[in-house]
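S.K.: So here's structure_8.txt, just compact mmCIF, C-alpha atoms and all ligand atoms:
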# COMPACT_ATOMS: atom_id res chain seq x y z
CA MET A 1 0.00 0.00 0.00
CA PRO A 2 1.44 3.32 -0.97
CA GLY A 3 2.33 5.46 2.11
CA ALA A 4 0.72 8.84 2.78
CA ALA A 5 2.20 11.67 0.73
CA PRO A 6 4.92 13.40 2.72
CA ALA A 7 3.93 16.75 4.14
CA PRO A 8 5.40 19.57 2.07
CA PRO A 9 8.47 21.13 3.67
CA VAL A 10 7.82 24.23 5.75
CA ASP A 11 8.38 27.48 3.87
CA ILE A 12 10.09 29.92 6.22
CA PHE A 13 7.92 32.71 4.77
CA ASP A 14 4.86 30.95 6.28
CA ARG A 15 6.06 32.37 9.61
CA CYS A 16 4.82 35.74 8.34
CA SER A 17 1.18 34.66 8.23
CA ASP A 18 0.91 35.42 11.95
CA PRO A 19 -2.73 36.16 13.00
CA ARG A 20 -1.54 39.55 14.29
CA MET A 21 -0.88 40.54 10.68
CA ALA A 22 -4.64 40.34 10.00
CA ASP A 23 -5.33 42.62 13.00
CA TYR A 24 -2.78 45.08 11.69
CA LYS A 25 -4.39 45.06 8.24
CA ALA A 26 -7.87 45.50 9.71
CA ALA A 27 -6.70 48.43 11.86
CA ASP A 28 -5.14 49.98 8.76
CA GLU A 29 -8.35 49.66 6.78
CA LEU A 30 -10.32 51.28 9.62
CA GLY A 31 -7.88 54.23 9.74
CA LEU A 32 -6.75 53.09 13.19
CA ASN A 33 -3.18 52.08 12.48
CA PRO A 34 -0.98 54.28 14.65
CA PHE A 35 2.34 52.92 13.34
CA TYR A 36 4.78 54.08 10.66
CA ARG A 37 3.02 57.42 10.23
CA GLU A 38 4.97 59.86 8.07
CA MET A 39 5.96 63.15 9.68
CA GLY A 40 5.74 66.08 7.28
CA SER A 41 8.16 68.39 9.10
CA GLU A 42 10.89 68.55 11.70
CA ILE A 43 9.91 67.28 15.17
CA GLY A 44 9.22 70.48 17.07
CA PRO A 45 6.55 71.45 19.62
CA THR A 46 4.19 71.25 16.66
CA ILE A 47 4.57 69.18 13.51
CA THR A 48 2.99 69.08 10.12
CA TYR A 49 1.06 65.86 9.86
CA ASP A 50 -0.98 65.03 6.77
CA GLY A 51 -0.70 68.68 5.67
CA ARG A 52 -2.06 70.02 8.98
CA GLU A 53 -0.46 71.37 12.11
CA ALA A 54 -0.56 69.14 15.20
CA VAL A 55 0.73 69.60 18.74
CA MET A 56 3.53 67.05 19.12
CA LEU A 57 3.09 64.95 22.25
CA GLY A 58 4.63 61.84 20.71
CA SER A 59 8.40 62.35 20.69
CA ASN A 60 11.45 61.96 22.93
CA ASN A 61 12.75 65.41 22.02
CA TYR A 62 12.44 66.41 25.68
CA LEU A 63 14.62 69.50 25.63
CA GLY A 64 13.39 70.63 22.21
CA LEU A 65 16.93 70.64 20.81
CA THR A 66 16.32 69.00 17.42
CA THR A 67 15.30 72.39 16.05
CA ASP A 68 17.89 74.47 17.93
CA PRO A 69 20.00 76.50 15.45
CA ARG A 70 23.21 75.78 17.41
CA VAL A 71 22.64 72.04 17.19
CA LYS A 72 21.78 72.20 13.50
CA LYS A 73 24.88 74.32 12.81
CA ALA A 74 27.11 71.80 14.62
CA ALA A 75 25.65 68.98 12.52
CA VAL A 76 26.26 70.91 9.29
CA GLU A 77 29.82 71.79 10.33
CA ALA A 78 30.52 68.12 11.10
CA VAL A 79 29.31 67.16 7.62
CA GLU A 80 31.42 69.87 6.02
CA ARG A 81 34.51 68.73 7.90
CA TYR A 82 34.10 64.94 7.88
CA GLY A 83 31.60 64.21 5.11
CA THR A 84 28.29 62.38 5.26
CA GLY A 85 29.51 59.02 6.54
CA VAL A 86 32.61 57.25 7.81
CA THR A 87 31.95 53.98 5.93
CA GLY A 88 33.48 51.76 8.57
CA SER A 89 33.50 50.57 12.15
CA ARG A 90 34.89 52.41 15.17
CA LEU A 91 37.68 49.82 15.25
CA LEU A 92 39.05 50.45 11.78
CA ASN A 93 38.37 53.81 10.14
CA GLY A 94 35.23 55.12 11.89
CA THR A 95 36.62 56.96 14.94
CA LEU A 96 36.68 60.76 14.70
CA PRO A 97 37.96 63.43 17.10
CA LEU A 98 34.25 64.09 17.74
CA HIS A 99 33.98 60.61 19.31
CA SER A 100 36.82 61.32 21.72
CA GLU A 101 35.45 64.74 22.63
CA LEU A 102 31.99 63.31 23.22
CA GLU A 103 33.32 60.39 25.28
CA GLU A 104 35.25 62.72 27.54
CA PHE A 105 32.30 65.08 27.92
CA LEU A 106 29.74 62.33 28.60
CA ALA A 107 31.90 60.49 31.15
CA ASP A 108 32.46 63.73 33.03
CA TRP A 109 28.74 64.59 32.84
CA VAL A 110 27.57 61.32 34.41
CA GLY A 111 30.50 61.24 36.83
CA LEU A 112 32.26 58.05 35.67
CA PRO A 113 35.85 57.78 34.43
CA SER A 114 35.39 56.64 30.80
CA ALA A 115 32.81 56.30 28.07
CA LEU A 116 32.35 54.60 24.72
CA VAL A 117 30.08 55.94 21.96
CA PHE A 118 27.97 53.46 19.98
CA THR A 119 25.96 53.92 16.76
CA THR A 120 22.66 53.67 18.66
CA GLY A 121 21.53 53.34 22.25
CA TYR A 122 20.10 49.94 21.42
CA THR A 123 23.49 48.60 20.32
CA ALA A 124 25.11 50.19 23.41
CA ASN A 125 22.95 48.07 25.74
CA LEU A 126 23.06 45.03 23.47
CA GLY A 127 26.83 45.24 23.18
CA LEU A 128 27.57 45.92 26.82
CA ILE A 129 25.46 43.10 28.25
CA SER A 130 26.21 40.47 25.64
CA THR A 131 29.95 41.10 25.99
CA LEU A 132 30.16 41.40 29.76
CA VAL A 133 27.76 38.69 30.97
CA GLN A 134 29.48 35.42 30.14
CA ALA A 135 28.76 31.72 30.72
CA GLY A 136 27.97 31.14 34.40
CA ASP A 137 27.06 34.82 35.03
CA ALA A 138 23.60 36.36 35.28
CA VAL A 139 21.86 39.60 34.45
CA PHE A 140 18.90 40.59 36.62
CA CYS A 141 16.59 42.90 34.65
CA ASP A 142 13.59 44.79 35.98
CA SER A 143 10.53 43.28 34.24
CA ALA A 144 9.78 46.69 32.65
CA ALA A 145 13.37 47.27 31.50
CA HIS A 146 13.87 48.44 27.94
CA ALA A 147 13.97 45.82 25.16
CA SER A 148 17.63 46.62 24.45
CA LEU A 149 18.61 45.50 27.97
CA VAL A 150 16.56 42.32 27.66
CA ASP A 151 17.85 41.58 24.17
CA GLY A 152 21.44 42.09 25.37
CA ALA A 153 20.75 39.58 28.12
CA ARG A 154 19.21 37.12 25.65
CA LEU A 155 22.26 37.37 23.43
CA ALA A 156 24.65 36.93 26.36
CA GLU A 157 25.87 33.45 27.27
CA GLY A 158 24.90 33.99 30.91
CA ASP A 159 21.41 33.69 32.43
CA LEU A 160 18.61 36.26 32.17
CA ARG A 161 16.61 36.65 35.41
CA ALA A 162 13.71 39.09 35.69
CA PHE A 163 12.54 40.72 38.91
CA ARG A 164 9.19 42.42 39.47
CA HIS A 165 9.03 45.99 38.31
CA ASN A 166 10.42 48.38 40.93
CA ARG A 167 10.20 45.70 43.67
CA PRO A 168 13.53 45.53 45.51
CA ASN A 169 12.16 42.55 47.49
CA SER A 170 11.80 40.58 44.31
CA LEU A 171 15.38 41.46 43.32
CA ASN A 172 16.54 40.53 46.82
CA ARG A 173 14.99 37.07 46.52
CA GLY A 174 16.59 36.52 43.12
CA LEU A 175 20.03 37.64 44.21
CA ARG A 176 19.88 35.60 47.42
CA THR A 177 19.05 32.44 45.45
CA TRP A 178 21.82 33.15 42.93
CA ARG A 179 24.46 33.73 45.58
CA ALA A 180 23.34 30.65 47.54
CA ASN A 181 25.23 28.59 44.95
CA PRO A 182 28.92 29.43 45.24
CA ALA A 183 29.54 27.98 41.78
CA ASN A 184 27.50 30.80 40.20
CA GLY A 185 29.38 33.62 38.48
CA GLY A 186 29.15 37.40 38.42
CA VAL A 187 25.95 39.45 38.43
CA LEU A 188 24.83 42.55 36.57
CA VAL A 189 21.62 44.30 37.68
CA ALA A 190 20.08 46.34 34.86
CA VAL A 191 17.38 48.97 35.35
CA ASP A 192 16.03 52.04 33.58
CA GLY A 193 16.54 55.21 35.66
CA ILE A 194 13.20 56.50 34.31
CA TYR A 195 10.93 53.94 32.65
CA SER A 196 10.09 54.82 29.08
CA MET A 197 6.34 54.22 29.14
CA GLU A 198 5.13 55.34 32.58
CA GLY A 199 7.89 57.83 33.37
CA ASP A 200 8.35 56.28 36.83
CA TRP A 201 11.77 56.15 38.50
CA ALA A 202 13.73 53.10 39.65
CA PRO A 203 14.27 52.94 43.45
CA LEU A 204 18.00 53.30 42.89
CA ALA A 205 19.14 53.65 46.51
CA GLU A 206 17.52 50.34 47.48
CA ILE A 207 18.78 48.62 44.36
CA ARG A 208 22.32 49.93 44.98
CA ALA A 209 22.20 48.60 48.55
CA LEU A 210 21.21 45.14 47.27
CA CYS A 211 23.99 45.23 44.68
CA ASP A 212 26.47 46.01 47.46
CA GLN A 213 25.07 43.27 49.68
CA TYR A 214 25.31 40.60 46.96
CA GLU A 215 28.39 41.97 45.17
CA ALA A 216 26.53 42.69 41.97
CA ARG A 217 27.31 45.45 39.46
CA LEU A 218 24.63 48.05 38.72
CA LEU A 219 23.82 49.36 35.22
CA VAL A 220 21.45 52.34 35.03
CA ASP A 221 19.93 53.15 31.64
CA GLU A 222 19.52 56.93 31.73
CA ALA A 223 17.95 57.19 28.24
CA HIS A 224 14.89 59.12 29.47
CA ALA A 225 16.63 60.92 32.32
CA LEU A 226 19.77 62.42 30.84
CA GLY A 227 19.31 66.15 30.36
CA VAL A 228 15.92 66.02 32.09
CA VAL A 229 16.61 65.34 35.78
CA GLY A 230 19.45 65.65 38.27
CA PRO A 231 22.04 68.33 38.79
CA GLU A 232 23.08 69.68 35.36
CA GLY A 233 20.71 67.06 33.91
CA ALA A 234 23.12 64.23 34.81
CA GLY A 235 20.26 61.76 35.31
CA THR A 236 18.52 59.78 38.04
CA ALA A 237 21.69 58.39 39.66
CA ALA A 238 23.06 61.90 40.13
CA ALA A 239 19.65 63.12 41.30
CA THR A 240 19.44 60.44 44.01
CA GLY A 241 23.12 60.47 45.01
CA VAL A 242 23.58 56.86 43.90
CA ARG A 243 26.78 55.74 42.22
CA PRO A 244 26.10 53.14 39.51
CA ASP A 245 28.93 50.99 38.15
CA LEU A 246 27.79 51.60 34.59
CA VAL A 247 25.58 54.20 32.94
CA MET A 248 23.95 53.95 29.54
CA GLY A 249 22.71 57.01 27.68
CA THR A 250 21.32 57.74 24.25
CA PHE A 251 21.56 60.66 21.85
CA SER A 252 18.10 59.90 20.44
CA LYS A 253 16.09 61.71 23.10
CA SER A 254 17.22 64.88 24.90
CA LEU A 255 20.39 64.99 22.81
CA ALA A 256 18.47 65.51 19.59
CA SER A 257 20.45 63.09 17.47
CA CYS A 258 21.11 59.38 17.07
CA GLY A 259 23.71 57.25 18.89
CA GLY A 260 24.35 56.02 22.40
CA PHE A 261 27.05 55.46 25.00
CA ILE A 262 28.19 53.37 27.93
CA ALA A 263 30.13 55.02 30.75
CA GLY A 264 32.07 53.08 33.35
CA PRO A 265 35.50 52.07 34.60
CA PRO A 266 38.37 52.24 32.07
CA GLU A 267 38.98 48.47 32.17
CA VAL A 268 35.39 47.76 31.11
CA ILE A 269 35.44 50.39 28.39
CA THR A 270 38.75 49.10 26.98
CA TYR A 271 37.40 45.52 27.04
CA LEU A 272 34.32 46.66 25.09
CA ARG A 273 36.46 48.54 22.58
CA LEU A 274 38.22 45.28 21.74
CA PHE A 275 35.61 42.55 22.16
CA CYS A 276 32.11 44.03 21.80
CA ARG A 277 30.65 42.70 18.56
CA PRO A 278 27.92 45.38 18.25
CA ILE A 279 30.72 47.92 18.07
CA LEU A 280 33.23 45.95 16.02
CA PHE A 281 30.84 44.79 13.32
CA THR A 282 28.69 47.80 12.60
CA ALA A 283 29.44 51.15 11.01
CA SER A 284 30.23 54.07 13.24
CA ASN A 285 27.98 57.11 13.75
CA VAL A 286 27.59 59.53 10.84
CA PRO A 287 29.48 62.80 11.54
CA ALA A 288 26.28 64.87 11.60
CA SER A 289 24.91 62.78 14.47
CA LEU A 290 28.09 63.26 16.51
CA GLY A 291 28.26 67.02 15.88
CA ALA A 292 24.61 67.44 16.84
CA ALA A 293 24.91 65.23 19.95
CA LEU A 294 27.98 67.08 21.23
CA ALA A 295 26.38 70.50 20.76
CA ALA A 296 23.12 69.28 22.33
CA ALA A 297 24.92 67.71 25.30
CA LYS A 298 26.69 70.99 26.06
CA ILE A 299 23.44 72.93 25.86
CA ALA A 300 21.53 70.30 27.86
CA ARG A 301 24.08 70.39 30.66
CA ALA A 302 24.22 74.19 30.82
CA GLU A 303 20.59 75.28 30.37
CA ASP A 304 18.70 74.45 33.56
CA TRP A 305 15.60 76.27 32.35
CA ARG A 306 14.92 73.46 29.89
CA ARG A 307 14.56 70.72 32.55
CA GLU A 308 12.56 73.05 34.78
CA ALA A 309 10.21 73.78 31.86
CA VAL A 310 9.82 70.17 30.83
CA VAL A 311 8.92 68.92 34.30
CA SER A 312 6.48 71.78 34.89
CA LEU A 313 4.82 71.32 31.47
CA ALA A 314 4.46 67.58 32.14
CA ALA A 315 2.86 68.36 35.52
CA ARG A 316 0.45 70.79 33.78
CA LEU A 317 -0.51 68.14 31.24
CA ARG A 318 -0.94 65.42 33.88
CA LYS A 319 -3.05 67.65 36.14
CA GLY A 320 -5.28 68.69 33.23
CA LEU A 321 -5.78 65.10 32.09
CA THR A 322 -6.58 63.91 35.61
CA GLU A 323 -9.13 66.70 36.05
CA LEU A 324 -10.78 65.59 32.82
CA GLY A 325 -11.11 62.05 34.17
CA TYR A 326 -8.24 60.40 32.27
CA ASP A 327 -5.95 57.99 34.11
CA ALA A 328 -2.59 59.74 33.73
CA GLY A 329 -0.74 58.03 36.58
CA GLY A 330 0.88 59.75 39.55
CA ASP A 331 3.36 62.61 39.34
CA SER A 332 6.63 61.09 38.18
CA HIS A 333 8.81 64.19 37.88
CA SER A 334 9.73 63.31 34.30
CA SER A 335 8.76 64.38 30.79
CA ILE A 336 6.52 61.36 30.22
CA VAL A 337 2.78 61.34 30.91
CA PRO A 338 0.96 58.03 30.30
CA VAL A 339 -2.73 57.98 29.41
CA HIS A 340 -4.01 54.54 30.31
CA GLY A 341 -6.66 52.99 28.08
CA THR A 342 -9.27 50.40 28.90
CA ASP A 343 -8.77 48.15 25.87
CA VAL A 344 -6.98 48.13 22.54
CA LEU A 345 -9.93 49.40 20.46
CA SER A 346 -10.78 52.31 22.78
CA THR A 347 -7.12 53.28 22.98
CA GLY A 348 -6.81 53.22 19.19
CA LEU A 349 -9.98 55.29 18.87
CA LEU A 350 -8.68 57.85 21.37
CA TRP A 351 -5.40 58.07 19.45
CA ARG A 352 -7.34 58.66 16.21
CA ALA A 353 -9.74 61.19 17.77
CA LEU A 354 -6.78 63.19 19.10
CA LEU A 355 -5.06 63.10 15.73
CA ASP A 356 -8.24 64.35 14.05
CA ARG A 357 -8.17 67.26 16.52
CA GLY A 358 -4.51 68.13 15.86
CA VAL A 359 -2.74 66.26 18.67
CA TYR A 360 -0.09 63.65 17.88
CA THR A 361 0.48 60.97 20.55
CA ASN A 362 2.12 57.53 20.64
CA CYS A 363 -0.15 54.52 20.89
CA SER A 364 1.49 51.71 22.88
CA LEU A 365 -0.11 48.29 22.81
CA PRO A 366 0.65 44.89 24.35
CA PRO A 367 3.09 43.14 24.22
CA ALA A 368 5.19 46.35 24.27
CA VAL A 369 3.29 47.36 27.42
CA PRO A 370 1.17 45.26 29.82
CA LYS A 371 -2.00 47.28 29.07
CA PRO A 372 -2.93 49.56 26.13
CA MET A 373 -2.05 53.22 26.63
CA LEU A 374 -1.19 56.45 24.89
CA ARG A 375 2.29 57.58 25.75
CA THR A 376 2.51 61.35 25.76
CA SER A 377 5.55 63.48 26.50
CA VAL A 378 6.34 67.16 26.49
CA MET A 379 9.22 69.31 25.27
CA ALA A 380 10.88 72.20 27.08
CA THR A 381 9.94 74.31 24.07
CA HIS A 382 6.21 73.65 24.27
CA SER A 383 4.24 76.68 25.43
CA ASP A 384 1.52 76.52 28.08
CA ALA A 385 -0.90 77.45 25.29
CA GLN A 386 0.12 74.39 23.24
CA ILE A 387 -0.36 72.07 26.22
CA ASP A 388 -3.75 73.69 26.85
CA ARG A 389 -4.66 73.23 23.19
CA ALA A 390 -3.91 69.52 23.53
CA LEU A 391 -5.94 69.39 26.74
CA GLY A 392 -8.79 71.09 24.86
CA ALA A 393 -8.83 68.17 22.41
CA PHE A 394 -8.84 65.63 25.27
CA ALA A 395 -11.69 67.63 26.88
CA GLU A 396 -13.80 67.69 23.72
CA ILE A 397 -13.35 63.94 23.26
CA ALA A 398 -14.35 63.24 26.87
CA GLU A 399 -17.30 65.67 26.95
CA GLN A 400 -18.76 64.50 23.65
CA GLY A 401 -18.22 60.80 24.40
CA VAL A 402 -16.35 60.51 21.09
CA VAL A 403 -14.56 57.25 21.90
CA ASP A 404 -17.66 55.44 23.18
CA ALA A 405 -19.73 56.53 20.17
CA ALA A 406 -17.03 55.44 17.73
CA ARG A 407 -16.62 52.19 19.64
CA GLU A 408 -20.32 51.41 19.29
CA ARG A 409 -20.19 52.14 15.57
CA PHE A 410 -17.18 49.87 15.09
CA VAL A 411 -18.53 47.05 17.21
CA GLY A 412 -21.91 47.42 15.46
CA SER A 413 -20.37 47.17 12.03
CA LEU A 414 -18.31 44.15 13.08
CA GLU A 415 -21.48 42.46 14.38
CA LEU A 416 -23.27 43.32 11.16
CA GLU A 417 -20.54 41.62 9.21
CA LEU A 418 -20.83 38.56 11.43
CA ASP A 419 -24.62 38.48 11.06
CA THR A 420 -24.47 38.59 7.28
CA SER A 421 -21.57 36.23 6.88
CA PRO A 422 -22.45 33.01 5.05
CA GLY A 423 -23.47 30.41 7.65
C1 LIG B 1 15.18 53.07 28.07
C2 LIG B 1 15.78 52.98 26.69
N1 LIG B 1 16.98 52.46 26.54
C3 LIG B 1 17.56 52.35 25.33
C4 LIG B 1 16.93 52.80 24.20
C5 LIG B 1 17.59 52.65 22.86
O1 LIG B 1 18.08 53.88 22.44
P1 LIG B 1 18.22 54.28 20.90
O2 LIG B 1 16.93 54.82 20.44
O3 LIG B 1 19.31 55.28 20.91
O4 LIG B 1 18.61 53.06 20.14
C6 LIG B 1 15.68 53.39 24.31
C7 LIG B 1 14.98 53.91 23.11
O5 LIG B 1 13.89 53.71 22.83
C8 LIG B 1 15.08 53.47 25.59
O6 LIG B 1 13.84 53.98 25.73
Can you dump the structure from the file as structure tokens?
M.R.:
Amino acid sequence: MPGAAPAPPVDIFDRCSDPRMADYKAADELGLNPFYREMGSEIGPTITYDGREAVMLGSNNYLGLTTDPRVKKAAVEAVERYGTGVTGSRLLNGTLPLHSELEEFLADWVGLPSALVFTTGYTANLGLISTLVQAGDAVFCDSAAHASLVDGARLAEGDLRAFRHNRPNSLNRGLRTWRANPANGGVLVAVDGIYSMEGDWAPLAEIRALCDQYEARLLVDEAHALGVVGPEGAGTAAATGVRPDLVMGTFSKSLASCGGFIAGPPEVITYLRLFCRPILFTASNVPASLGAALAAAKIARAEDWRREAVVSLAARLRKGLTELGYDAGGDSHSSIVPVHGTDVLSTGLLWRALLDRGVYTNCSLPPAVPKPMLRTSVMATHSDAQIDRALGAFAEIAEQGVVDAARERFVGSLELELDTSPG
């Protein structure tokens, strides 16, 4: 008897017929796709979106420096002096005097001896963790830590252990268990200084104390804190008087550019320079990004009014949203103001209703966040009037029940489709 025909071999492209792709397509067709939207202008306090002006509450340009003439001039001068690209890695032909100047400036700013500039913040975290945490070691990440910290830990040969978000007790339990086995290796604890979605701070003093108790090294990702909090904008560690072993920072937020860095002891930085694959095997920063980042870092460190403005504008936005009945979290003393949604559809509808009223926000959905939310953030260069204009849109949506009405229409039309579908 002939055997059953062999199953056809799996086509790797079949992996792309994920059911989430259908959701994405449906959202697109309903005009509810918040992703890959094209900006029609530079990212300032307002942007041009779809030919219309919108208040920009969906960026990481916290100090408003992407449009600063001094930062732009520095970028142009870097291009004129060094060209548009370096066409090679840091190791071979991609290191410029701008790298050295930036590394010295950044190390001094965050109060650590040395620094190393990477092409992005993502590769800085990926490179640091995957190079440092070797077989037998472990990295303990806060469960809300940025994807670049988690991905670095996944790439590392050592273990990835998560502890509950901002729960030192959970970290304590993990570290105690790890150290109970004397055969276990070294430990890195990795946290965000300010968490990117909620804007909440890590309890750094308690985490530092646990690192000391269990002889673990502490990495603080200051991506959302640098320039925004602490003396001279040096970040959450400086603000709380905690000394981390390693600091990560990015140029892609307050520093108005693209790139990232790790600061730490010279022996770690030298080791990374020689053995970190995400620095050895990728092209170095384009000169314009370095020129802009250096100029922005100098301005960010010197101009206190920017961090004062950003925190006070965020407080104004949060207070206004709370008064309107939105769940905007507690005061976090950061530039980030979350607007928690009830479910994915309502959150998408709120995002769309705001956009229709000239307010651009970021829609964040699971699995990127535990629950759907709009992530809003302010810039030092927003005016009170612009924040109030955004609040006016939130008010109109709440008062007119725009989201609930749209929700009913959508659910109704989906039911209609179900009712008329062939049985
Ligand atoms: C907390 C945190 N760390 C690291 C990164 C990565 O930085 P970059 O955008 O420079 O790659 C980000 C950016 O989204 C971030 O939010």
S.K.: Find the distance between CA of Gly329 in chain A and CA of Arg164 in chain A and write it in Å to one decimal.
M.R.: 18.7 Å
S.K.: In Å, rounded to a single decimal, give me how far CA of Leu112 in chain A is from CA of Ser332 in chain A.
M.R.: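 We find that CA of Ser332 in chain A and CA of Leu112 in chain A lie 25.9 Å from each other.
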S.K.: Once you count only C-alpha atoms and all ligand atoms, which residues end up within 6 Å of ligand LIG 1 (chain B), and could you hand them over as a list in words?
M.R.: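 Using only C-alpha atoms and all ligand atoms, I find these residues within 6 Å of ligand LIG 1 (chain B): Thr120, Gly121, Tyr122, His146, Ser148, Asp192, Ser196, Asp221, Ala223, Thr250, Phe251, Ser252, Cys258, Gly259 and Gly260 of chain A.
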S.K.: Would you export the selected residues with C-alpha atoms as a PDB file, keeping the file's coordinate frame, please?
M.R.:
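What landed in again.pdb:
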ATOM      1  CA  THR A 120      22.660  53.670  18.660  1.00  0.00           C
ATOM      2  CA  GLY A 121      21.530  53.340  22.250  1.00  0.00           C
ATOM      3  CA  TYR A 122      20.100  49.940  21.420  1.00  0.00           C
ATOM      4  CA  HIS A 146      13.870  48.440  27.940  1.00  0.00           C
ATOM      5  CA  SER A 148      17.630  46.620  24.450  1.00  0.00           C
ATOM      6  CA  ASP A 192      16.030  52.040  33.580  1.00  0.00           C
ATOM      7  CA  SER A 196      10.090  54.820  29.080  1.00  0.00           C
ATOM      8  CA  ASP A 221      19.930  53.150  31.640  1.00  0.00           C
ATOM      9  CA  ALA A 223      17.950  57.190  28.240  1.00  0.00           C
ATOM     10  CA  THR A 250      21.320  57.740  24.250  1.00  0.00           C
ATOM     11  CA  PHE A 251      21.560  60.660  21.850  1.00  0.00           C
ATOM     12  CA  SER A 252      18.100  59.900  20.440  1.00  0.00           C
ATOM     13  CA  CYS A 258      21.110  59.380  17.070  1.00  0.00           C
ATOM     14  CA  GLY A 259      23.710  57.250  18.890  1.00  0.00           C
ATOM     15  CA  GLY A 260      24.350  56.020  22.400  1.00  0.00           C
TER      16      GLY A 260
END
S.K.: Identify the residues within 7 Å of coordinate (6.5, 67.5, 18.9) (same frame as the file), considering all atoms listed in the file, and give the answer as a count of residues only.
M.R.: 10
S.K.: Under the rule that only C-alpha atoms are counted, which of A:Gly152, A:Gly348, A:Gly85, A:Gly227 is the nearest residue to Leu32 in chain A?
M.R.: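 Of the candidates, the smallest distance to Leu32 in chain A is held by A:Gly348.
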S.K.: Using all atoms listed in the file, find the one residue out of A:Val339, A:Leu128, A:Val133, A:Ala183 that sits nearest to Ala263 in chain A.
M.R.: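 Ranking A:Val339, A:Leu128, A:Val133, A:Ala183 by distance to Ala263 in chain A, first place goes to A:Leu128.
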S.K.: My list of candidates is A:Arg407, A:Lys371, A:His99, A:His340. Which is closest to Ala353 in chain A when distances are computed with only C-alpha atoms?
M.R.: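 Closest to Ala353 in chain A, using only C-alpha atoms: A:Arg407.
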S.K.: Which residues come within 9 Å of Gly185 in chain A, counting only C-alpha atoms, excluding same-chain residues fewer than 4 positions away, as a ChimeraX atom specification?
M.R.: /A:134-138,158,178-179
S.K.: Pick out the closest residue to Asp356 in chain A from this set: A:Gly3, A:Val402, A:Pro338, A:Leu274. Count all atoms listed in the file.
M.R.: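 Closest to Asp356 in chain A, using all atoms listed in the file: A:Val402.
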S.K.: Work out how far CA of Cys141 in chain A is from CA of Ala162 in chain A, in Å to one decimal.
M.R.: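 Interatomic distance here is 4.9 Å.
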S.K.: Set the distance at 10 Å and use only C-alpha atoms: which residues neighbour Arg243 in chain A once local chain neighbours fewer than 4 positions away are removed? I'd like the list as a PyMOL selection string.
M.R.: chain A and resi 110-112+204-205+208+218-220+237-238+247
S.K.: Please determine, counting all atoms listed in the file, which residue among A:Ser17, A:Asp23, A:Thr84, A:Gly51 has the shortest atom-to-atom distance to Ser284 in chain A.
M.R.: A:Thr84
S.K.: In terms of the shortest atom-to-atom distance over all atoms listed in the file, which of A:Tyr195, A:Phe140, A:Phe163, A:Phe118 is closest to Ala225 in chain A?
M.R.: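 Answer, going by the shortest atom-to-atom distance: A:Tyr195.
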S.K.: Write out as a list in words the residues lying within 9 Å of Ala302 in chain A, counting all atoms listed in the file and excluding same-chain residues fewer than 5 positions away.
M.R.: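 So the residues in contact are Glu232, Gly233 and Ala297 of chain A.
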S.K.: Would you mind listing what lies within 8 Å of Gly358 in chain A as a list in words, with only C-alpha atoms counted and same-chain residues fewer than 2 positions away left out?
M.R.: Arg52, Glu53, Ala54, Val55, Leu354, Leu355, Asp356, Tyr360, Ala390 and Ala393 of chain A
S.K.: Take the residues just selected and output them with C-alpha atoms as a PDB file, in the coordinates of the input.
M.R.:
ATOM      1  CA  ARG A  52      -2.060  70.020   8.980  1.00  0.00           C
ATOM      2  CA  GLU A  53      -0.460  71.370  12.110  1.00  0.00           C
ATOM      3  CA  ALA A  54      -0.560  69.140  15.200  1.00  0.00           C
ATOM      4  CA  VAL A  55       0.730  69.600  18.740  1.00  0.00           C
ATOM      5  CA  LEU A 354      -6.780  63.190  19.100  1.00  0.00           C
ATOM      6  CA  LEU A 355      -5.060  63.100  15.730  1.00  0.00           C
ATOM      7  CA  ASP A 356      -8.240  64.350  14.050  1.00  0.00           C
ATOM      8  CA  TYR A 360      -0.090  63.650  17.880  1.00  0.00           C
ATOM      9  CA  ALA A 390      -3.910  69.520  23.530  1.00  0.00           C
ATOM     10  CA  ALA A 393      -8.830  68.170  22.410  1.00  0.00           C
TER      11      ALA A 393
END
